[in-house]
Amino acid sequence: MSLTSMELESDRTIVISRKFNAPARIVFDAWTRADLVKRWWAPKCQGVTMASCEADVRVGGGYRYVLRNPDGSEVAFSGQYAEINPPSRLVYTQVFEPMADAGAVTITVTFEEHDGKTHMVSRELYPSKEVREAVLASGMEQGMRETMDQLDALVSSLSIS
């Protein structure tokens with residue numbers, strides 16, 4: 001497995017990158033197809049499961065991912081797709097519904113393939129420095145690193161089959 005890197009690029013931006021041992025089309029599909037997203041997006045070691053996962057992957061289409069915590073409570077993330085260029089680029093918004101008043105994050109993900117491996121870079125632009133800091137303070141980094149490991153395992157298994 002490859003290590004995930006996270007960089008605080010500006011007061012409002014987090015950049016996450018990772019190299020996957022799979023072609024870009026497989027990594028892109030795993031990032032956008034609901035049946036695949038539900039297999040990696042919830043951090044399993046925290047006992048979180050995916051209660052529902054819907055995605056209408058087209059410009060102007062939306063998605064909604066509902067996570068169920070071990071205590072049975074649920075939280076949702078949702079947004080809209082602004083740009084879709086399979087398998088190389090995806091731009092979408094993301095709202096953490098319990099804190100919808102904080103505004104939407106704009107996420108730009110690129111998938112660059114070389115020799116059958118894909119370098120993924122996700123740039124998350126937060127509405128303010130305060131929102132980005134609150135996200136970091138929530139423990140987001142640990143969950144993100146675990147889900148990137150889960151995504152790595154998934155795309156590796158898909159590229160073999």
# chains A, B, ... in the order shown; residues from 1 in each chain; ligands from 1
>>> residues_around(residues="Gly61 in chain A", least_positions_apart="4", cutoff="8 Å", atoms="only C-alpha atoms", output="ChimeraX atom specification")
/A:55-57,80-81
>>> residues_around(residues="Gly79 in chain A", least_positions_apart="4", cutoff="7 Å", atoms="only C-alpha atoms", output="list in words")
Gly62, Tyr63, Arg64, Tyr92, Thr93, Gln94 and Val95 of chain A
>>> write_last_selection(atoms="C-alpha atoms", output="CSV table (one decimal), in the first residue's frame")
chain,number,residue,atom,x,y,z
A,62,GLY,CA,-26.1,15.2,-6.9
A,63,TYR,CA,-25.0,12.6,-4.4
A,64,ARG,CA,-25.8,11.8,-0.8
A,92,TYR,CA,-18.0,18.6,-6.9
A,93,THR,CA,-19.3,20.3,-3.8
A,94,GLN,CA,-19.6,18.7,-0.4
A,95,VAL,CA,-21.9,19.7,2.5
>>> select_by_dssp(residues="range 31-136 of chain A", states="strand (DSSP E)", output="number ranges by chain")
A: 49-55, 62-68, 74-85, 89-96, 105-114, 117-125
>>> closest_residue(among="A:Ser10, A:Phe111, A:Arg123, A:Tyr65", to="Glu97 in chain A", atoms="only C-alpha atoms")
A:Tyr65
>>> closest_atom_pairs(of="range 38-117 of chain A", to="range 134-150 of chain A", cutoff="9 Å", atoms="only C-alpha atoms", output="tab-separated table")
residue	atom	partner	partner_atom	distance
A:Arg39	CA	A:Gln150	CA	8.0
A:Trp40	CA	A:Gln150	CA	5.1
A:Trp41	CA	A:Thr147	CA	5.6
A:Ala42	CA	A:Thr147	CA	6.5
A:Pro43	CA	A:Thr147	CA	5.4
A:Lys44	CA	A:Glu146	CA	7.9
A:Cys45	CA	A:Glu146	CA	7.9
A:Gln46	CA	A:Gly143	CA	8.1
>>> closest_residue(among="A:Val155, A:Met99, A:Ala30, A:Ile107", to="Val131 in chain A", atoms="only C-alpha atoms")
A:Met99
>>> residues_around(residues="Glu9 in chain A", least_positions_apart="4", cutoff="12 Å", atoms="only C-alpha atoms", output="list in words")
Ser5, Thr13, Ile14, Val15, Ile16, Ser122, Arg123, Glu124, Leu125, Tyr126, Lys129 and Arg132 of chain A
>>> closest_residue(among="A:Leu158, A:Ala102, A:Ala51, A:Val75", to="Ala22 in chain A", atoms="only C-alpha atoms")
A:Leu158
>>> closest_residue(among="A:Val66, A:Phe28, A:Ala100, A:Arg58", to="Ala82 in chain A", atoms="only C-alpha atoms")
A:Arg58
>>> residues_around(residues="Thr118 in chain A", least_positions_apart="4", cutoff="6 Å", atoms="only C-alpha atoms", output="MDAnalysis selection string")
chainID A and resid 19:20 23:24 112:113
>>> write_last_selection(atoms="N, CA and C atoms", output="tab-separated table (two decimals), in the first residue's frame")
chain	number	residue	atom	x	y	z
A	19	LYS	N	-0.94	7.41	-4.30
A	19	LYS	CA	-0.74	6.62	-5.52
A	19	LYS	C	-1.42	5.27	-5.31
A	20	PHE	N	-2.20	4.86	-6.31
A	20	PHE	CA	-2.93	3.60	-6.26
A	20	PHE	C	-2.39	2.65	-7.32
A	23	PRO	N	-5.37	1.19	-12.60
A	23	PRO	CA	-5.57	2.18	-13.66
A	23	PRO	C	-6.53	3.29	-13.23
A	24	ALA	N	-6.40	4.45	-13.85
A	24	ALA	CA	-7.23	5.61	-13.50
A	24	ALA	C	-8.71	5.32	-13.65
A	112	GLU	N	-4.20	10.81	-12.36
A	112	GLU	CA	-3.18	10.78	-13.41
A	112	GLU	C	-2.54	9.41	-13.44
A	113	GLU	N	-2.66	8.73	-14.59
A	113	GLU	CA	-2.16	7.36	-14.71
A	113	GLU	C	-0.80	7.31	-15.40
